[in-house]
$ cat input.cif   # mmCIF, C-alpha atoms
data_target
loop_
_atom_site.group_PDB
_atom_site.id
_atom_site.type_symbol
_atom_site.label_atom_id
_atom_site.label_comp_id
_atom_site.auth_asym_id
_atom_site.auth_seq_id
_atom_site.Cartn_x
_atom_site.Cartn_y
_atom_site.Cartn_z
ATOM 1 C CA MET B 1 0.000 0.000 0.000
ATOM 2 C CA GLU B 2 1.260 3.473 -0.836
ATOM 3 C CA ASN B 3 2.367 5.224 2.258
ATOM 4 C CA VAL B 4 0.177 7.941 3.642
ATOM 5 C CA ARG B 5 2.634 10.741 2.925
ATOM 6 C CA ALA B 6 2.572 9.892 -0.771
ATOM 7 C CA LEU B 7 -1.217 10.041 -0.811
ATOM 8 C CA VAL B 8 -1.192 13.419 0.915
ATOM 9 C CA ARG B 9 1.343 14.687 -1.645
ATOM 10 C CA LYS B 10 -1.143 13.832 -4.402
ATOM 11 C CA ALA B 11 -3.559 16.398 -2.948
ATOM 12 C CA PRO B 12 -3.871 19.606 -4.948
ATOM 13 C CA ALA B 13 -0.701 21.619 -4.444
ATOM 14 C CA ASP B 14 -1.930 24.938 -5.809
ATOM 15 C CA GLY B 15 -3.238 26.044 -2.402
ATOM 16 C CA VAL B 16 -3.388 24.978 1.203
ATOM 17 C CA ARG B 17 -7.156 25.130 1.521
ATOM 18 C CA LYS B 18 -9.891 24.016 -0.843
ATOM 19 C CA GLY B 19 -13.666 24.389 -0.892
ATOM 20 C CA ILE B 20 -16.027 21.415 -0.806
ATOM 21 C CA GLN B 21 -16.831 21.541 -4.526
ATOM 22 C CA GLU B 22 -13.171 21.611 -5.548
ATOM 23 C CA VAL B 23 -12.282 18.741 -3.195
ATOM 24 C CA ALA B 24 -15.264 16.676 -4.350
ATOM 25 C CA GLU B 25 -14.233 17.120 -7.988
ATOM 26 C CA HIS B 26 -10.584 16.323 -7.216
ATOM 27 C CA LEU B 27 -11.529 13.113 -5.393
ATOM 28 C CA GLY B 28 -14.289 12.105 -7.820
ATOM 29 C CA VAL B 29 -16.976 12.030 -5.134
ATOM 30 C CA THR B 30 -20.049 14.051 -4.324
ATOM 31 C CA GLN B 31 -20.233 16.816 -1.776
ATOM 32 C CA ARG B 32 -22.689 14.628 0.079
ATOM 33 C CA THR B 33 -19.945 11.968 0.409
ATOM 34 C CA LEU B 34 -17.610 14.505 1.999
ATOM 35 C CA ARG B 35 -20.337 15.609 4.416
ATOM 36 C CA PHE B 36 -21.062 11.950 5.253
ATOM 37 C CA TYR B 37 -17.462 11.268 6.291
ATOM 38 C CA GLU B 38 -17.369 14.556 8.179
ATOM 39 C CA GLY B 39 -20.501 13.454 10.039
ATOM 40 C CA LYS B 40 -18.782 10.173 10.931
ATOM 41 C CA GLY B 41 -15.837 12.159 12.320
ATOM 42 C CA LEU B 42 -13.290 10.854 9.807
ATOM 43 C CA ILE B 43 -12.466 14.316 8.510
ATOM 44 C CA GLN B 44 -12.821 17.692 10.182
ATOM 45 C CA PRO B 45 -12.758 20.500 7.642
ATOM 46 C CA GLU B 46 -12.273 23.966 9.023
ATOM 47 C CA ARG B 47 -15.144 26.420 8.845
ATOM 48 C CA VAL B 48 -14.940 29.909 7.474
ATOM 49 C CA GLY B 49 -18.384 31.177 8.317
ATOM 50 C CA SER B 50 -20.659 28.436 7.017
ATOM 51 C CA THR B 51 -18.181 27.313 4.333
ATOM 52 C CA ARG B 52 -16.220 24.080 4.737
ATOM 53 C CA VAL B 53 -12.517 24.478 4.014
ATOM 54 C CA TYR B 54 -10.401 21.378 3.471
ATOM 55 C CA THR B 55 -6.687 21.162 4.205
ATOM 56 C CA ARG B 56 -4.152 18.848 2.586
ATOM 57 C CA ARG B 57 -4.540 16.608 5.649
ATOM 58 C CA ASP B 58 -8.315 16.329 5.103
ATOM 59 C CA ILE B 59 -7.798 15.517 1.438
ATOM 60 C CA GLY B 60 -5.137 12.916 2.273
ATOM 61 C CA ARG B 61 -7.425 11.327 4.860
ATOM 62 C CA MET B 62 -10.250 11.225 2.296
ATOM 63 C CA GLN B 63 -7.958 9.498 -0.198
ATOM 64 C CA LEU B 64 -7.191 6.857 2.425
ATOM 65 C CA ILE B 65 -10.873 6.506 3.320
ATOM 66 C CA LEU B 66 -11.903 6.058 -0.310
ATOM 67 C CA ARG B 67 -9.147 3.545 -0.911
ATOM 68 C CA GLY B 68 -10.181 1.603 2.187
ATOM 69 C CA LYS B 69 -13.805 1.526 1.026
ATOM 70 C CA ARG B 70 -12.762 0.434 -2.476
ATOM 71 C CA LEU B 71 -10.805 -2.449 -0.911
ATOM 72 C CA GLY B 72 -13.837 -3.505 1.117
ATOM 73 C CA PHE B 73 -12.901 -2.281 4.589
ATOM 74 C CA SER B 74 -15.659 -1.141 6.936
ATOM 75 C CA ILE B 75 -15.885 2.394 8.259
ATOM 76 C CA ARG B 76 -14.947 1.044 11.688
ATOM 77 C CA GLU B 77 -11.756 -0.502 10.275
ATOM 78 C CA ILE B 78 -10.909 2.686 8.399
ATOM 79 C CA ILE B 79 -11.377 4.729 11.587
ATOM 80 C CA GLU B 80 -9.022 2.321 13.359
ATOM 81 C CA PHE B 81 -6.354 2.788 10.663
ATOM 82 C CA LEU B 82 -6.678 6.570 10.769
ATOM 83 C CA ASP B 83 -6.521 6.615 14.575
ATOM 84 C CA LEU B 84 -3.384 4.482 14.505
ATOM 85 C CA TYR B 85 -1.837 6.831 11.963
ATOM 86 C CA ASP B 86 -2.473 9.796 14.244
ATOM 87 C CA ALA B 87 -1.185 7.970 17.355
ATOM 88 C CA ASP B 88 1.941 6.301 15.934
ATOM 89 C CA PRO B 89 4.432 8.743 14.374
ATOM 90 C CA ASP B 90 6.521 5.893 12.907
ATOM 91 C CA HIS B 91 3.403 4.154 11.534
ATOM 92 C CA VAL B 92 4.742 0.742 12.579
ATOM 93 C CA GLU B 93 1.622 -0.208 14.523
ATOM 94 C CA GLN B 94 -0.594 1.090 11.724
ATOM 95 C CA MET B 95 1.242 -0.938 9.086
ATOM 96 C CA ALA B 96 1.190 -4.094 11.229
ATOM 97 C CA ARG B 97 -2.558 -3.732 11.795
ATOM 98 C CA LEU B 98 -3.102 -2.937 8.129
ATOM 99 C CA ALA B 99 -1.165 -6.039 7.067
ATOM 100 C CA GLU B 100 -3.266 -8.148 9.437
ATOM 101 C CA ARG B 101 -6.534 -6.706 8.096
ATOM 102 C CA VAL B 102 -5.374 -7.139 4.508
ATOM 103 C CA ARG B 103 -4.592 -10.820 5.160
ATOM 104 C CA GLU B 104 -8.071 -11.252 6.675
ATOM 105 C CA ARG B 105 -9.703 -9.498 3.707
ATOM 106 C CA LEU B 106 -7.725 -11.622 1.243
ATOM 107 C CA ALA B 107 -8.809 -14.806 3.039
ATOM 108 C CA ASP B 108 -12.455 -13.669 2.878
ATOM 109 C CA LEU B 109 -12.203 -12.824 -0.819
ATOM 110 C CA GLU B 110 -10.516 -16.135 -1.613
ATOM 111 C CA LYS B 111 -13.358 -18.007 0.134
ATOM 112 C CA GLN B 112 -15.871 -15.964 -1.860
ATOM 113 C CA GLN B 113 -13.970 -16.738 -5.048
ATOM 114 C CA VAL B 114 -14.164 -20.496 -4.362
ATOM 115 C CA ALA B 115 -17.877 -20.172 -3.601
ATOM 116 C CA LEU B 116 -18.432 -18.232 -6.831
ATOM 117 C CA VAL B 117 -16.578 -20.810 -8.926
ATOM 118 C CA ASP B 118 -18.664 -23.592 -7.343
ATOM 119 C CA THR B 119 -21.907 -21.669 -7.890
ATOM 120 C CA ILE B 120 -21.068 -20.920 -11.529
ATOM 121 C CA ARG B 121 -20.208 -24.566 -12.142
ATOM 122 C CA GLU B 122 -23.485 -25.706 -10.557
ATOM 123 C CA LEU B 123 -25.549 -23.163 -12.512
ATOM 124 C CA ARG B 124 -23.948 -24.266 -15.794
ATOM 125 C CA GLN B 125 -24.786 -27.889 -14.966
ATOM 126 C CA ILE B 126 -28.409 -26.958 -14.181
ATOM 127 C CA GLU B 127 -28.625 -24.998 -17.434
ATOM 128 C CA GLN B 128 -27.304 -27.992 -19.424
ATOM 129 C CA GLU B 129 -29.767 -30.338 -17.742
ATOM 130 C CA ALA B 130 -32.655 -27.939 -18.380
ATOM 131 C CA MET B 131 -31.714 -27.539 -22.056
ATOM 132 C CA ALA B 132 -31.416 -31.317 -22.476
ATOM 133 C CA ARG B 133 -34.911 -31.804 -21.006
ATOM 134 C CA ILE B 134 -36.296 -29.109 -23.314
ATOM 135 C CA GLU B 135 -34.735 -30.806 -26.340
ATOM 136 C CA GLN B 136 -36.192 -34.154 -25.277
ATOM 137 C CA ALA B 137 -39.628 -32.665 -24.658
ATOM 138 C CA VAL B 138 -39.932 -30.726 -27.919
ATOM 139 C CA PRO B 139 -39.875 -33.782 -30.290
ATOM 140 C CA ALA B 140 -42.204 -35.685 -27.968
ATOM 141 C CA ARG B 141 -44.734 -32.833 -27.980
ATOM 142 C CA SER B 142 -44.667 -32.458 -31.746
ATOM 143 C CA THR B 143 -45.246 -36.218 -32.112
ATOM 144 C CA ARG B 144 -48.224 -36.171 -29.704
ATOM 145 C CA SER B 145 -49.847 -33.086 -31.215
ATOM 146 C CA HIS B 146 -49.576 -34.459 -34.780
ATOM 147 C CA PRO B 147 -50.593 -38.104 -34.789
ATOM 148 C CA THR B 148 -49.126 -40.154 -37.549
ATOM 149 C CA PRO B 149 -51.663 -41.399 -40.116
ATOM 150 C CA SER B 150 -52.460 -45.073 -39.910
#
$ encode --input "input.cif" --output "structure tokens"
Amino acid sequence: MENVRALVRKAPADGVRKGIQEVAEHLGVTQRTLRFYEGKGLIQPERVGSTRVYTRRDIGRMQLILRGKRLGFSIREIIEFLDLYDADPDHVEQMARLAERVRERLADLEKQQVALVDTIRELRQIEQEAMARIEQAVPARSTRSHPTPS
């Protein structure tokens, strides 16, 4: 995983503070998404009057949040990662916990992959059986509906 500093460096560099619309466009999310994560306490944009103002730190945290969601982590797990980042200046504990969670997520996905392969195989078999029965039934029906002359 890219380190957090690299993600923060990807934030817009043309100014220290950005408005909600500019940040939403930069991150490819809606303003509602930013307000949602603010409501959950994951980011804390400054306020200038009633206007939200996002710092590079807020944008970096949002990049981590979005990446975590894309990888299938829960909000609770993402909060845990962010809290560890804030508490551990060397990020050793954060990286150890992240590696553990990633291994767990990989194990879950691999189980799901096996289940999907099995389900696809079973559905293909059912489809073949259904098509074979249809093929058997069609000639039988046409024979019954059109009796042969005697």
$ atom_distance --input "input.cif" --atom1 "atom CA of B:Val29" --atom2 "atom CA of B:Ile65"
11.8 Å
$ resolve_selection --input "input.cif" --expression "the PyMOL selection byres ((chain B and resi 45-50) around 10)" --output "PyMOL selection string"
chain B and resi 17-20+34-35+38+42-44+51-55+57-59
$ atom_distance --input "input.cif" --atom1 "atom CA of B:Ile126" --atom2 "atom CA of B:Ala107"
28.8 Å
$ closest_residue --input "input.cif" --among "B:Gly41, B:Ile120, B:Leu66, B:Leu98" --to "B:Phe81" --atoms "only C-alpha atoms"
B:Leu98
$ atom_distance --input "input.cif" --atom1 "atom CA of B:Gln63" --atom2 "atom CA of B:Gly28"
10.2 Å
$ closest_residue --input "input.cif" --among "B:Arg97, B:Arg121, B:Arg103, B:Lys111" --to "B:Glu77" --atoms "all atoms listed in the file"
B:Arg97
$ axis_aligned_box --input "input.cif" --around "stretch 93-104 of chain B" --padding-each-side "4 Å" --output "JSON"
{"center_x": -3.2, "center_y": -5.1, "center_z": 9.5, "size_x": 17.7, "size_y": 20.3, "size_z": 18.0}
$ closest_residue --input "input.cif" --among "B:Met62, B:Leu123, B:Ile134, B:Ile78" --to "B:Gln94" --atoms "all atoms listed in the file"
B:Ile78
